[in-house]
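With compact mmCIF, C-alpha atoms inside, this is start.txt:
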```txt
# COMPACT_ATOMS: atom_id res chain seq x y z
CA MET K 95 -25.76 -11.37 8.48
CA ARG K 96 -24.39 -8.20 9.99
CA TRP K 97 -21.37 -6.23 8.74
CA THR K 98 -19.95 -3.44 10.90
CA PHE K 99 -17.63 -0.82 9.40
CA LYS K 100 -15.35 1.25 11.59
CA HIS K 101 -13.66 3.99 9.59
CA ILE K 102 -13.04 1.78 6.56
CA ILE K 103 -11.11 3.38 3.69
CA PRO K 104 -10.02 1.30 0.67
CA HIS K 105 -6.34 1.70 -0.09
CA PRO K 106 -7.08 3.05 -3.62
CA LEU K 107 -9.27 5.82 -2.06
CA VAL K 108 -6.97 6.89 0.78
CA ASP K 109 -6.20 10.21 -0.91
CA GLU K 110 -9.78 10.79 -2.14
CA ASN K 111 -12.34 13.08 -0.51
CA THR K 112 -14.86 10.75 1.16
CA ARG K 113 -16.45 13.36 3.43
CA ASP K 114 -19.90 13.04 1.83
CA SER K 115 -19.93 9.24 1.91
CA GLU K 116 -22.32 7.60 4.35
CA ILE K 117 -20.07 4.53 4.60
CA TRP K 118 -16.40 5.32 3.94
CA ASN K 119 -14.55 6.54 7.03
CA LYS K 120 -17.73 6.30 9.11
CA GLU K 121 -19.07 3.93 11.77
CA PHE K 122 -21.88 2.03 10.10
CA SER K 123 -23.55 -1.41 9.99
CA PHE K 124 -25.46 -3.42 7.42
CA GLU K 125 -28.16 -4.84 9.67
CA GLU K 126 -30.06 -8.10 9.35
CA ASN K 127 -33.61 -7.85 7.97
CA THR K 128 -32.83 -4.54 6.25
CA ASN K 129 -32.36 -4.02 2.50
CA TYR K 130 -29.86 -1.48 1.15
CA ASN K 131 -29.41 0.30 -2.18
CA ILE K 132 -25.92 1.82 -2.38
CA THR K 133 -25.52 4.56 -4.96
CA SER K 134 -22.69 6.72 -6.25
CA PRO K 135 -21.08 7.72 -9.53
CA SER K 136 -18.53 5.33 -11.01
CA GLY K 137 -15.15 5.21 -9.30
CA LYS K 138 -16.34 5.69 -5.72
CA GLY K 139 -15.77 2.08 -4.70
CA LYS K 140 -19.15 0.32 -4.94
CA SER K 141 -17.68 -2.92 -6.30
CA THR K 142 -14.79 -2.63 -3.84
CA LEU K 143 -17.25 -2.35 -0.94
CA LEU K 144 -19.07 -5.52 -1.99
CA SER K 145 -15.74 -7.32 -2.48
CA PHE K 146 -14.87 -6.47 1.14
CA CYS K 147 -18.24 -7.84 2.31
CA CYS K 148 -17.69 -11.09 0.40
CA GLY K 149 -14.11 -11.52 1.58
CA PHE K 150 -12.57 -11.24 -1.88
CA ARG K 151 -10.52 -8.16 -0.97
CA LYS K 152 -8.95 -6.96 2.27
CA ASP K 153 -7.00 -3.91 1.10
CA PHE K 154 -8.44 -1.33 3.46
CA ASN K 155 -7.65 0.75 6.51
CA GLY K 156 -10.01 0.47 9.47
CA GLU K 157 -11.97 -2.44 10.90
CA LEU K 158 -14.64 -4.57 9.22
CA THR K 159 -16.44 -7.34 11.08
CA LEU K 160 -18.95 -9.94 9.91
CA ASN K 161 -21.18 -11.16 12.73
CA ASN K 162 -18.73 -9.61 15.21
CA LYS K 163 -15.66 -11.35 13.75
CA SER K 164 -12.99 -9.45 11.84
CA ILE K 165 -12.96 -10.48 8.18
CA LEU K 166 -9.16 -10.36 8.41
CA LEU K 167 -9.34 -13.33 10.80
CA THR K 168 -11.79 -15.33 8.67
CA ASN K 169 -9.93 -18.13 6.87
CA LYS K 170 -10.52 -19.52 3.37
CA ASN K 171 -12.50 -22.54 4.57
CA ASP K 172 -14.84 -20.31 6.57
CA TRP K 173 -15.35 -18.02 3.58
CA SER K 174 -16.12 -21.01 1.36
CA ARG K 175 -18.77 -22.15 3.82
CA ILE K 176 -20.22 -18.65 4.14
CA ARG K 177 -20.45 -18.20 0.35
CA SER K 178 -22.08 -21.59 -0.18
CA GLU K 179 -24.56 -21.45 2.72
CA LYS K 180 -25.16 -17.85 3.78
CA LEU K 181 -24.08 -15.37 1.11
CA ALA K 182 -25.25 -15.19 -2.51
CA TYR K 183 -23.41 -12.81 -4.83
CA VAL K 184 -24.08 -11.42 -8.31
CA PRO K 185 -20.80 -9.81 -9.47
CA GLN K 186 -20.74 -7.07 -12.05
CA LYS K 187 -18.54 -9.25 -14.29
CA LEU K 188 -21.11 -12.10 -13.94
CA SER K 189 -18.43 -14.87 -14.10
CA LEU K 190 -20.53 -17.33 -16.09
CA ILE K 191 -18.50 -20.29 -17.34
CA PRO K 192 -18.20 -19.72 -21.12
CA SER K 193 -17.79 -23.40 -22.05
CA LEU K 194 -21.09 -24.38 -20.37
CA THR K 195 -24.67 -23.73 -21.46
CA VAL K 196 -27.04 -21.63 -19.38
CA TRP K 197 -28.55 -24.80 -17.91
CA GLU K 198 -25.14 -26.31 -17.19
CA ASN K 199 -24.02 -23.11 -15.44
CA LEU K 200 -27.08 -23.22 -13.19
CA LYS K 201 -26.91 -26.97 -12.61
CA LEU K 202 -23.24 -26.77 -11.65
CA LYS K 203 -24.06 -24.14 -9.05
CA ASN K 204 -27.00 -26.08 -7.66
CA ASP K 205 -25.00 -29.31 -7.45
CA LEU K 206 -22.92 -27.70 -4.69
CA THR K 207 -25.89 -27.54 -2.30
CA ASN K 208 -28.85 -29.29 -4.00
CA HIS K 209 -30.95 -26.43 -2.67
CA LYS K 210 -33.38 -26.49 -5.61
CA THR K 211 -34.90 -29.23 -7.73
CA ASN K 212 -34.52 -29.25 -11.51
CA ALA K 213 -38.19 -28.30 -11.74
CA GLN K 214 -37.67 -25.25 -9.50
CA ILE K 215 -34.70 -24.12 -11.59
CA ASN K 216 -36.77 -24.50 -14.74
CA GLU K 217 -39.53 -22.43 -13.15
CA LEU K 218 -37.07 -19.60 -12.55
CA ILE K 219 -35.71 -19.87 -16.10
CA LYS K 220 -39.29 -19.53 -17.39
CA ALA K 221 -40.14 -16.69 -14.99
CA PHE K 222 -37.07 -14.74 -16.15
CA GLY K 223 -38.02 -15.32 -19.80
CA LEU K 224 -34.96 -17.39 -20.63
CA GLU K 225 -36.46 -20.65 -21.94
CA LYS K 226 -35.01 -20.14 -25.43
CA CYS K 227 -31.57 -19.50 -23.93
CA LYS K 228 -31.45 -22.60 -21.75
CA ASN K 229 -29.23 -24.67 -24.04
CA LYS K 230 -27.09 -21.80 -25.34
CA LYS K 231 -23.65 -20.80 -24.12
CA PRO K 232 -23.21 -17.31 -22.61
CA HIS K 233 -21.52 -15.75 -25.65
CA LEU K 234 -24.58 -16.60 -27.75
CA ILE K 235 -27.03 -14.60 -25.63
CA SER K 236 -27.27 -10.88 -24.89
CA LEU K 237 -25.58 -9.22 -21.91
CA GLY K 238 -28.98 -8.52 -20.39
CA GLN K 239 -29.86 -12.20 -20.67
CA GLN K 240 -26.52 -13.10 -19.12
CA GLN K 241 -27.33 -10.81 -16.18
CA ARG K 242 -30.63 -12.60 -15.66
CA VAL K 243 -28.82 -15.96 -15.69
CA ALA K 244 -26.38 -14.66 -13.06
CA ILE K 245 -29.30 -13.55 -10.88
CA ILE K 246 -30.94 -16.99 -11.14
CA ARG K 247 -27.60 -18.61 -10.26
CA ALA K 248 -27.55 -16.60 -7.03
CA LEU K 249 -31.19 -17.29 -6.20
CA ILE K 250 -30.87 -21.08 -6.39
CA GLN K 251 -28.42 -21.34 -3.50
CA PRO K 252 -29.25 -20.97 0.21
CA PHE K 253 -28.48 -17.50 1.55
CA GLU K 254 -29.08 -15.11 4.42
CA THR K 255 -27.91 -12.08 2.42
CA LEU K 256 -28.09 -11.49 -1.32
CA ILE K 257 -25.44 -9.08 -2.65
CA MET K 258 -25.76 -7.73 -6.19
CA ASP K 259 -23.39 -5.35 -8.01
CA GLU K 260 -25.31 -3.22 -10.56
CA PRO K 261 -27.25 -6.32 -11.70
CA PHE K 262 -29.73 -4.51 -13.96
CA SER K 263 -27.40 -2.30 -16.02
CA HIS K 264 -28.23 -4.09 -19.30
CA ILE K 265 -31.78 -5.24 -18.55
CA ASP K 266 -34.82 -3.44 -19.96
CA LYS K 267 -37.39 -1.93 -17.59
CA ALA K 268 -40.02 -4.67 -18.02
CA ASN K 269 -37.53 -7.39 -17.18
CA VAL K 270 -36.15 -5.35 -14.28
CA ILE K 271 -39.65 -5.22 -12.77
CA THR K 272 -39.99 -8.99 -13.18
CA ALA K 273 -36.52 -9.61 -11.73
CA CYS K 274 -37.14 -7.39 -8.69
CA ASP K 275 -40.40 -9.15 -7.94
CA LEU K 276 -38.76 -12.59 -8.14
CA ILE K 277 -35.80 -11.43 -6.04
CA GLU K 278 -38.13 -10.09 -3.34
CA GLN K 279 -40.13 -13.33 -3.35
CA THR K 280 -37.00 -15.44 -2.99
CA CYS K 281 -35.52 -13.25 -0.24
CA LYS K 282 -38.79 -13.57 1.67
CA LYS K 283 -38.72 -17.38 1.35
CA GLU K 284 -35.09 -17.48 2.49
CA ASN K 285 -35.75 -14.93 5.27
CA ALA K 286 -32.84 -12.99 3.77
CA ASN K 287 -31.94 -9.37 3.18
CA LEU K 288 -30.54 -7.60 0.11
CA ILE K 289 -27.55 -5.34 -0.54
CA ILE K 290 -27.46 -3.87 -4.05
CA THR K 291 -25.40 -1.19 -5.79
CA SER K 292 -26.58 1.15 -8.54
CA LEU K 293 -25.65 4.40 -10.22
CA ASN K 294 -28.74 6.22 -8.89
CA ASP K 295 -31.30 6.00 -6.12
CA LYS K 296 -34.19 4.95 -8.36
CA THR K 297 -35.24 1.47 -7.31
CA ILE K 298 -38.26 -0.74 -7.78
CA PHE K 299 -37.70 -2.60 -4.53
CA ARG K 300 -40.41 -1.62 -2.08
CA LYS K 301 -38.66 -1.56 1.31
CA ILE K 302 -35.04 -0.50 0.96
CA GLU K 303 -32.66 1.93 2.66
CA GLN K 304 -30.85 4.37 0.37
CA LEU K 305 -27.15 4.98 1.06
CA TYR K 306 -24.72 7.26 -0.74
CA LEU K 307 -21.17 6.04 -1.12
```

Represent the structure contained in this file as structure tokens.
Amino acid sequence: MRWTFKHIIPHPLVDENTRDSEIWNKEFSFEENTNYNITSPSGKGKSTLLSFCCGFRKDFNGELTLNNKSILLTNKNDWSRIRSEKLAYVPQKLSLIPSLTVWENLKLKNDLTNHKTNAQINELIKAFGLEKCKNKKPHLISLGQQQRVAIIRALIQPFETLIMDEPFSHIDKANVITACDLIEQTCKKENANLIITSLNDKTIFRKIEQLYL
């Protein structure tokens, strides 16, 4: 999937100095087959940028296209199809359903596409070290464990681009290494690229473009 930005400025940042940004108020594209790590201090619009890419927000000046079509002209049905078939997203707020167990959260997601078998989902749960959490509800596991569940939830759907908003902020280094390896493996199988945000440019991903927001 290819996003092209033409002098995009979010409405909340109109009066901010964005001169040093490599994305805001510039002409820029997220290209297919290229991974990106977007860094900046808090408050510079990383989550806002990803919300634009996913079609959740449209409060910006400028022009943003997805595969050469303005996102302002993309209707709700098209966005639903894109998010279920082409775009996987790990939001910073995670959005796990609190009334469901870890397994039920994952199964509910997979039931939308039947992209993975139960055995494949269980393999990911084991690989992410979450076997003991499988039958627990989100509030009974740590925030780092919840982040790993949210990553699995994204990996079990079909996608051409995986977008993740600071997905490792509460995960220890050993589990981050494991997660990055599994993410890279899955992206390779799906022939997909990755767009991720973080507070700094330190990343374990091997081939990734660094961008400052």

Worksheet item: Skipping near chain neighbours, those fewer than 6 positions away, what residues fall within 10 Å of Lys228 (chain K) using all atoms listed in the file, listed as a PyMOL selection string?
Response: chain K and resi 195-200+216+219-220+235+243

Worksheet, complete the sentence: Of K:Glu110, K:Glu225, K:Asp275, K:Asp259, the one sitting nearest Ser292 (chain K) when using all atoms listed in the file is K:Asp259

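Of the listed residues K:Cys147, K:Leu158, K:Ile289, K:Ala221, the one whose atoms come nearest to Thr98 (chain K) is K:Leu158, with distances taken using all atoms listed in the file.
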
Response to the item:
Closest of K:Ile102, K:Val270, K:Leu305, K:Leu166 to Thr133 (chain K), counting all atoms listed in the file, is K:Leu305

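Shortest separation to Lys138 (chain K) among K:Leu307, K:Glu260, K:Phe154, K:Asn285 occurs at residue K:Leu307, atoms counted being only C-alpha atoms.
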
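The closest residue to Arg247 (chain K), picked from K:Ile298, K:Cys281, K:Val184, K:Leu288 and counting only C-alpha atoms, is K:Val184.
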
Worksheet item: To one decimal place, how far is CA of Glu116 (chain K) from CA of Tyr306 (chain K) in Å?
Response: 5.6 Å
